[in-house]
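Source file data.txt; content: compact mmCIF, C-alpha atoms and all ligand atoms.
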# COMPACT_ATOMS: atom_id res chain seq x y z
CA MET A 236 -20.85 13.43 -17.27
CA LEU A 237 -17.30 13.92 -15.99
CA TYR A 238 -16.88 12.90 -12.37
CA VAL A 239 -13.80 13.90 -10.38
CA TYR A 240 -12.22 11.96 -7.55
CA ALA A 241 -9.66 14.26 -5.91
CA PRO A 242 -10.71 14.45 -2.24
CA GLU A 243 -8.83 17.59 -1.16
CA GLN A 244 -9.28 19.37 -4.47
CA GLY A 245 -12.70 18.30 -5.74
CA ASP A 246 -14.19 21.78 -5.53
CA LEU A 247 -11.17 23.33 -7.19
CA TYR A 248 -11.36 20.89 -10.11
CA VAL A 249 -15.09 21.50 -10.51
CA SER A 250 -14.58 25.27 -10.53
CA LEU A 251 -11.89 24.94 -13.21
CA LEU A 252 -13.65 22.31 -15.32
CA ARG A 253 -17.08 23.96 -15.53
CA PRO A 254 -15.98 27.01 -17.55
CA ALA A 255 -13.52 24.90 -19.55
CA LEU A 256 -16.15 22.37 -20.61
CA PRO A 257 -19.44 24.18 -21.14
CA GLY A 258 -22.10 21.66 -22.02
CA TRP A 259 -20.61 18.94 -19.80
CA ARG A 260 -22.09 17.92 -16.47
CA ILE A 261 -19.28 18.02 -13.94
CA GLY A 262 -19.41 16.60 -10.43
CA ALA A 263 -16.92 15.63 -7.76
CA TRP A 264 -16.80 12.96 -5.10
CA PRO A 265 -18.40 12.75 -2.52
CA GLU A 266 -21.33 14.39 -4.32
CA PRO A 267 -23.80 11.59 -5.15
CA VAL A 268 -24.34 10.89 -8.86
CA ASP A 269 -26.54 8.68 -10.96
CA PRO A 270 -23.85 6.12 -11.91
CA GLU A 271 -25.37 5.51 -15.33
CA THR A 272 -24.67 9.13 -16.34
CA VAL A 273 -20.92 8.94 -15.68
CA THR A 274 -18.98 8.47 -18.90
CA HIS A 275 -15.65 10.01 -17.87
CA VAL A 276 -13.75 10.12 -14.59
CA ALA A 277 -10.70 12.17 -13.60
CA ALA A 278 -9.10 10.65 -10.51
CA TRP A 279 -6.00 10.22 -8.41
CA ALA A 280 -5.71 7.18 -6.11
CA PRO A 281 -9.43 6.31 -6.21
CA PRO A 282 -10.58 3.83 -3.54
CA PRO A 283 -11.29 0.21 -4.52
CA GLY A 284 -14.62 -0.25 -6.26
CA LEU A 285 -15.12 3.44 -7.17
CA PHE A 286 -15.59 2.62 -10.86
CA ALA A 287 -17.72 -0.51 -10.41
CA PRO A 288 -21.16 1.21 -10.57
CA PHE A 289 -20.25 3.29 -13.65
CA GLY A 290 -21.68 1.03 -16.38
CA GLN A 291 -21.25 3.69 -19.12
CA LEU A 292 -17.66 4.59 -18.24
CA ARG A 293 -15.51 5.23 -21.32
CA THR A 294 -12.40 7.09 -20.15
CA VAL A 295 -10.45 7.59 -16.95
CA PHE A 296 -8.00 10.50 -16.74
CA ASN A 297 -5.23 9.77 -14.26
CA LEU A 298 -4.55 12.92 -12.24
CA GLY A 299 -0.98 11.86 -11.50
CA ALA A 300 2.08 10.56 -13.28
CA GLY A 301 2.02 6.79 -12.70
CA VAL A 302 -0.86 4.60 -13.81
CA ASP A 303 0.37 1.39 -12.16
CA ALA A 304 -2.30 1.45 -9.45
CA LEU A 305 -5.08 1.92 -12.04
CA LEU A 306 -3.78 -1.01 -14.06
CA ARG A 307 -3.91 -3.32 -11.04
CA ARG A 308 -7.62 -2.68 -10.37
CA ASP A 309 -10.42 -5.10 -11.03
CA ASP A 310 -13.13 -2.49 -11.59
CA LEU A 311 -11.78 -1.09 -14.88
CA PRO A 312 -12.72 -3.35 -17.80
CA ALA A 313 -10.32 -3.41 -20.77
CA SER A 314 -12.84 -1.39 -22.79
CA VAL A 315 -12.25 1.64 -20.56
CA GLU A 316 -9.54 3.89 -21.95
CA ILE A 317 -6.97 5.15 -19.42
CA VAL A 318 -5.38 8.48 -20.22
CA ARG A 319 -2.29 9.88 -18.58
CA LEU A 320 -1.75 13.61 -18.50
CA THR A 321 1.42 14.70 -20.21
CA ASP A 322 3.57 16.58 -17.73
CA ALA A 323 0.70 18.61 -16.13
CA GLY A 324 3.18 20.84 -14.34
CA MET A 325 5.08 17.93 -12.82
CA ALA A 326 8.20 17.98 -14.98
CA ALA A 327 9.49 21.30 -13.62
CA GLN A 328 8.99 20.02 -10.07
CA MET A 329 10.89 16.84 -10.94
CA THR A 330 13.80 18.99 -12.09
CA GLU A 331 13.75 20.83 -8.75
CA TYR A 332 13.67 17.57 -6.80
CA CYS A 333 16.53 16.10 -8.80
CA LEU A 334 18.54 19.30 -8.58
CA TYR A 335 18.25 19.33 -4.79
CA GLY A 336 19.83 15.87 -4.64
CA VAL A 337 22.46 16.68 -7.23
CA LEU A 338 23.49 19.82 -5.32
CA HIS A 339 23.59 17.84 -2.08
CA TRP A 340 26.13 15.56 -3.72
CA GLN A 341 28.03 18.23 -5.67
CA ARG A 342 28.36 20.69 -2.76
CA GLU A 343 28.88 17.86 -0.22
CA MET A 344 26.08 19.02 2.04
CA ASP A 345 26.03 15.57 3.65
CA ALA A 346 29.65 15.96 4.70
CA TYR A 347 29.12 19.53 5.94
CA ARG A 348 26.16 18.40 8.04
CA ARG A 349 28.34 15.77 9.66
CA GLN A 350 31.11 18.31 10.19
CA GLN A 351 28.66 20.72 11.79
CA ALA A 352 27.43 18.03 14.19
CA GLU A 353 31.04 17.32 15.13
CA GLY A 354 32.10 20.98 15.34
CA VAL A 355 34.61 20.51 12.51
CA TRP A 356 35.68 23.48 10.29
CA VAL A 357 37.13 22.00 7.11
CA GLN A 358 36.77 23.56 3.68
CA ARG A 359 36.28 20.98 0.96
CA GLN A 360 37.26 21.40 -2.66
CA THR A 361 34.27 22.69 -4.65
CA ARG A 362 33.24 20.68 -7.70
CA LEU A 363 32.04 22.37 -10.89
CA ARG A 364 28.80 21.34 -12.58
CA ALA A 365 30.71 20.22 -15.63
CA ASP A 366 32.47 17.68 -13.43
CA VAL A 367 29.27 16.12 -12.09
CA ARG A 368 27.87 13.20 -14.06
CA VAL A 369 24.11 12.81 -13.71
CA GLY A 370 22.37 9.71 -15.09
CA ILE A 371 18.63 9.86 -15.65
CA LEU A 372 16.77 6.53 -15.77
CA GLY A 373 13.55 7.10 -17.69
CA LEU A 374 13.45 9.61 -20.55
CA GLY A 375 9.71 10.14 -20.96
CA GLU A 376 7.87 13.42 -20.36
CA LEU A 377 9.34 13.85 -16.90
CA GLY A 378 12.81 12.33 -17.18
CA GLY A 379 13.38 13.91 -20.60
CA ARG A 380 12.65 17.36 -19.19
CA VAL A 381 14.92 16.78 -16.17
CA ALA A 382 17.70 15.63 -18.49
CA ARG A 383 17.36 18.71 -20.70
CA ASP A 384 17.12 21.11 -17.74
CA LEU A 385 20.19 19.75 -15.99
CA SER A 386 22.15 19.59 -19.20
CA GLY A 387 21.18 23.22 -19.84
CA MET A 388 22.59 24.11 -16.41
CA GLY A 389 25.92 22.63 -17.37
CA TYR A 390 25.83 19.18 -15.73
CA ARG A 391 27.18 16.17 -17.66
CA VAL A 392 23.92 14.36 -18.27
CA SER A 393 23.30 10.95 -19.75
CA GLY A 394 20.05 9.07 -19.90
CA TRP A 395 18.69 5.57 -20.12
CA SER A 396 15.38 4.25 -21.34
CA ARG A 397 14.14 0.75 -22.18
CA GLY A 398 13.89 1.50 -25.91
CA PRO A 399 16.05 3.90 -27.96
CA ARG A 400 15.47 7.64 -27.52
CA ALA A 401 17.33 10.67 -28.81
CA LEU A 402 17.65 13.93 -26.87
CA ASP A 403 19.76 16.76 -28.22
CA GLY A 404 23.09 17.09 -26.47
CA ILE A 405 22.46 14.14 -24.13
CA VAL A 406 24.08 10.74 -24.34
CA CYS A 407 21.11 8.36 -24.49
CA ARG A 408 21.50 4.63 -23.93
CA HIS A 409 19.05 1.76 -23.77
CA GLY A 410 18.90 -1.97 -23.12
CA ASP A 411 20.69 -3.97 -20.43
CA ASP A 412 24.22 -3.03 -21.47
CA GLY A 413 23.19 0.60 -21.77
CA LEU A 414 21.89 0.52 -18.21
CA ALA A 415 25.14 -0.84 -16.78
CA GLU A 416 27.09 1.78 -18.76
CA THR A 417 24.83 4.60 -17.63
CA LEU A 418 25.12 3.58 -13.99
CA ALA A 419 28.90 3.24 -14.23
CA ALA A 420 29.07 6.77 -15.65
CA SER A 421 26.86 8.44 -13.00
CA ASP A 422 27.93 10.26 -9.86
CA VAL A 423 24.25 10.80 -9.18
CA VAL A 424 21.55 8.61 -10.68
CA PHE A 425 17.98 9.91 -10.82
CA CYS A 426 15.21 7.36 -11.36
CA VAL A 427 11.85 8.32 -12.75
CA LEU A 428 10.79 5.07 -14.38
CA PRO A 429 7.23 3.75 -14.21
CA ALA A 430 6.35 0.62 -12.24
CA THR A 431 5.94 -2.23 -14.71
CA ALA A 432 6.82 -5.94 -14.67
CA ALA A 433 10.00 -5.01 -16.56
CA THR A 434 11.17 -2.37 -14.07
CA ARG A 435 10.56 -4.35 -10.87
CA HIS A 436 13.87 -4.47 -8.97
CA LEU A 437 15.64 -3.13 -12.03
CA LEU A 438 18.18 -1.75 -9.59
CA ASP A 439 19.11 -4.97 -7.83
CA ALA A 440 22.37 -5.66 -6.00
CA ALA A 441 24.35 -6.27 -9.21
CA ARG A 442 23.11 -3.08 -10.89
CA LEU A 443 23.64 -0.97 -7.77
CA ASP A 444 27.22 -2.23 -7.82
CA CYS A 445 27.67 -0.73 -11.28
CA LEU A 446 27.50 2.74 -9.67
CA PRO A 447 30.88 4.26 -8.84
CA GLU A 448 31.92 4.16 -5.19
CA GLY A 449 30.54 7.25 -3.43
CA ALA A 450 27.70 7.81 -5.89
CA ALA A 451 24.22 8.88 -4.82
CA LEU A 452 20.84 7.59 -5.88
CA ILE A 453 17.62 9.59 -6.14
CA ASN A 454 14.32 7.78 -6.68
CA ALA A 455 11.21 9.73 -7.65
CA GLY A 456 9.68 6.99 -9.83
CA ARG A 457 8.35 4.00 -7.93
CA GLY A 458 9.68 2.10 -4.92
CA SER A 459 9.44 -1.19 -6.79
CA LEU A 460 12.34 -0.16 -9.06
CA ILE A 461 14.85 -0.78 -6.30
CA ASP A 462 15.79 -3.80 -4.25
CA GLU A 463 15.59 -1.85 -0.99
CA ALA A 464 17.52 -4.44 1.05
CA ALA A 465 20.40 -4.27 -1.43
CA LEU A 466 20.31 -0.47 -1.33
CA LEU A 467 20.35 -0.48 2.45
CA ALA A 468 23.41 -2.75 2.52
CA ARG A 469 25.27 -0.33 0.20
CA LEU A 470 24.33 2.63 2.35
CA ASP A 471 25.31 0.81 5.54
CA ASP A 472 28.81 0.13 4.29
CA GLY A 473 29.14 3.62 2.78
CA ARG A 474 29.65 2.36 -0.77
CA LEU A 475 26.87 4.74 -1.77
CA ARG A 476 27.16 8.20 -0.24
CA PHE A 477 23.43 8.73 0.12
CA ALA A 478 20.00 7.94 -1.25
CA MET A 479 17.27 10.53 -1.63
CA LEU A 480 13.98 8.64 -1.74
CA ASP A 481 10.48 9.89 -2.44
CA VAL A 482 8.88 6.51 -3.18
CA PHE A 483 9.02 3.18 -1.42
CA SER A 484 7.90 -0.39 -2.01
CA GLU A 485 5.37 0.14 0.78
CA GLU A 486 3.76 3.56 1.34
CA PRO A 487 3.50 5.02 3.87
CA LEU A 488 6.89 3.62 4.79
CA PRO A 489 6.39 1.32 7.83
CA ALA A 490 7.30 3.04 11.09
CA ASP A 491 10.09 0.56 11.89
CA HIS A 492 11.77 0.76 8.49
CA PRO A 493 15.52 1.47 8.76
CA PHE A 494 15.29 4.22 6.11
CA TRP A 495 13.51 6.51 8.60
CA CYS A 496 16.60 7.26 10.64
CA HIS A 497 19.41 6.15 8.38
CA PRO A 498 22.14 8.82 8.31
CA ARG A 499 22.61 8.31 4.56
CA VAL A 500 18.94 8.56 3.61
CA ILE A 501 17.02 11.74 2.82
CA MET A 502 13.38 10.85 2.53
CA THR A 503 10.19 12.62 1.48
CA PRO A 504 6.62 11.22 1.53
CA HIS A 505 5.89 10.88 -2.22
CA VAL A 506 5.84 14.58 -2.94
CA ALA A 507 8.49 15.00 -5.63
CA ALA A 508 5.95 16.36 -8.12
CA ASP A 509 2.27 17.19 -7.85
CA THR A 510 -0.22 17.59 -10.66
CA VAL A 511 -1.06 21.25 -11.21
CA PRO A 512 -4.90 21.33 -11.40
CA ALA A 513 -5.13 24.17 -13.95
CA GLU A 514 -2.77 22.32 -16.27
CA ALA A 515 -4.60 19.01 -15.80
CA VAL A 516 -7.88 20.73 -16.65
CA ARG A 517 -6.37 22.34 -19.73
CA GLN A 518 -5.41 18.90 -21.02
CA ILE A 519 -8.69 17.22 -20.13
CA ALA A 520 -10.66 20.04 -21.73
CA ALA A 521 -8.49 19.92 -24.84
CA ARG A 522 -9.23 16.26 -25.18
CA LEU A 523 -12.94 16.40 -24.43
CA GLY A 524 -13.75 19.73 -25.94
CA GLY A 525 -11.83 19.25 -29.15
CA GLY A 526 -9.81 22.39 -28.36
CA GLU A 527 -6.06 22.74 -28.52
CA ALA A 528 -4.43 19.51 -29.73
CA ILE A 529 -2.43 17.85 -26.98
CA PRO A 530 -0.50 14.62 -27.52
CA SER A 531 -2.64 11.70 -26.43
CA GLY A 532 -1.54 10.11 -23.19
CA ARG A 533 -3.46 6.93 -23.87
CA ILE A 534 -2.07 4.06 -21.84
CA ASP A 535 -1.01 0.80 -23.41
CA ARG A 536 -2.21 -1.70 -20.84
CA GLN A 537 0.17 -4.44 -22.03
CA ARG A 538 3.22 -2.20 -21.80
CA GLY A 539 2.05 -0.84 -18.46
CA TYR A 540 2.52 2.90 -19.12
C1 LIG B 1 2.74 9.64 -9.10
C2 LIG B 1 2.28 11.00 -8.78
O1 LIG B 1 2.34 9.05 -10.09
O2 LIG B 1 2.53 11.46 -7.65
O3 LIG B 1 3.54 9.14 -8.32
O4 LIG B 1 1.68 11.64 -9.63

Translate this structure into structure tokens?
Amino acid sequence: MLYVYAPEQGDLYVSLLRPALPGWRIGAWPEPVDPETVTHVAAWAPPPGLFAPFGQLRTVFNLGAGVDALLRRDDLPASVEIVRLTDAGMAAQMTEYCLYGVLHWQREMDAYRRQQAEGVWVQRQTRLRADVRVGILGLGELGGRVARDLSGMGYRVSGWSRGPRALDGIVCRHGDDGLAETLAASDVVFCVLPATAATRHLLDAARLDCLPEGAALINAGRGSLIDEAALLARLDDGRLRFAMLDVFSEEPLPADHPFWCHPRVIMTPHVAADTVPAEAVRQIAARLGGGEAIPSGRIDRQRGY
């Protein structure tokens, strides 16, 4: 049996999965199930202990991009395979999110908003896309697509990943030196890295200082990537023009956090990209029904993604 935990969308998933997987029993939380019949679960942000009664559980499909929360749980024995969906409609949304921030920087919307508040009519010099350097940190399914899309639009894109990667027409760097170089060559840096031990506070004070003065930072990966106090200091003194943040070290962001009303912060509540249910179901069905071959998104628990 495949059991779905997707509170707002349980019925939708069931209605898509049933015709896609004839022969499978499909159910969705909060419908009660005999726990011994559950062999597969598809879930996003399941509550603690959800998996504990499922003694026959073999596979969990993560209905989101990051698996960090699943890897921290104590109710998923190592024998249970964790599968990440590849893209599932999120990559195009990541491009949109990144583009919004890049345009904000390129077309100086921050400055025009200030001018409007002050009643100032000043026309600023327009920058061309070819003169805007965008650095993408994380070149997996999502970051790779963003890099290709923005490069296709004419931006000067470079990318960084922990290990070597090659993307046509995009300068790709890796390793510590590669990170410093990528930051130094970015007017706007877009982060879409997973949360792992290796990426925690990857952007600390020293790395943030590699960015050119007046650069902007967009984070749609995980809050843990950034030393938020160091970022705040660089926004306070104007060294960074703005940060556009979708993810935070604590979510929801605490009500008294200075990001809420910082003039140089644009924030969204972890909505940069949502899984598209029909696409998620297509991938789950392909995997379970032996249909169309889709690259396996099996998670390496040691690596953390
Ligand atoms: C995530 C998501 O992993 O929203 O952050 O899918």

Residue neighbourhood region 318-323 of chain A, 7 Å, all atoms listed in the file, exclusion window fewer than 2 positions, as a PyMOL selection string
chain A and resi 295-298+300+316+325-326+376-377+510-511+514-515+518+532-534

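Shown here are all protein and nucleic acid residues lying within 8 Å of (18.8, 18.5, 0.0), with only C-alpha atoms considered: A:Tyr335, A:Gly336, A:Leu338, A:His339, A:Met344, A:Ile501.
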
Dump of C-alpha atoms for the selected residues, as a PDB file, in the coordinates of the input:
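Final file, result18.pdb:
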ATOM      1  CA  TYR A 335      18.250  19.330  -4.790  1.00  0.00           C
ATOM      2  CA  GLY A 336      19.830  15.870  -4.640  1.00  0.00           C
ATOM      3  CA  LEU A 338      23.490  19.820  -5.320  1.00  0.00           C
ATOM      4  CA  HIS A 339      23.590  17.840  -2.080  1.00  0.00           C
ATOM      5  CA  MET A 344      26.080  19.020   2.040  1.00  0.00           C
ATOM      6  CA  ILE A 501      17.020  11.740   2.820  1.00  0.00           C
TER       7      ILE A 501
END

Chain A residues near ligand LIG 1 (chain B) within 7 Å, closest pair each, using all atoms listed in the file, as a Markdown table:
| residue | atom | partner | partner_atom | distance |
| --- | --- | --- | --- | --- |
| A:Leu298 | CA | B:LIG1 | O4 | 6.9 |
| A:Gly299 | CA | B:LIG1 | O4 | 3.3 |
| A:Ala300 | CA | B:LIG1 | O1 | 3.5 |
| A:Gly301 | CA | B:LIG1 | O1 | 3.5 |
| A:Val302 | CA | B:LIG1 | O1 | 6.6 |
| A:Gly456 | CA | B:LIG1 | O3 | 6.7 |
| A:His505 | CA | B:LIG1 | O2 | 6.4 |
| A:Val506 | CA | B:LIG1 | O2 | 6.5 |
| A:Ala508 | CA | B:LIG1 | O2 | 6.0 |
| A:Asp509 | CA | B:LIG1 | O2 | 5.7 |
| A:Thr510 | CA | B:LIG1 | O4 | 6.3 |

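Distances here use only C-alpha atoms; by that measure, the residue among A:Pro281, A:Glu343, A:Leu372, A:Ala287 closest to Gln360 (chain A) is A:Glu343.
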
Can you list, as an NGL selection string, every protein, DNA or RNA residue that comes within 10 Å of Trp259 (chain A) when you count only C-alpha atoms, leaving out same-chain residues fewer than 2 positions away?
:A and (236-237 or 252-257 or 261-262 or 523-524)

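In this structure, CA of Asp246 (chain A) sits 18.4 Å away from CA of Leu285 (chain A).
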
Just give me the gap between CA of Gln328 (chain A) and CA of Pro429 (chain A) in Å, one decimal is fine.
16.9 Å

Just want the 9 Å neighbourhood of Val315 (chain A), counted on all atoms listed in the file, with same-chain residues fewer than 3 positions away dropped. Output as an NGL selection string.
:A and (292-295 or 311-312)

Could you check which of A:Ala451, A:Leu247, A:Leu467, A:Ala420 is closest to His492 (chain A), using only C-alpha atoms?
A:Leu467

Find the residues around Asp422 (chain A) up to 10 Å (all atoms listed in the file counted), leave out those fewer than 6 positions away in its own chain, and share them as a PyMOL selection string.
chain A and resi 337+340-341+366-370+391+446-452+475-476
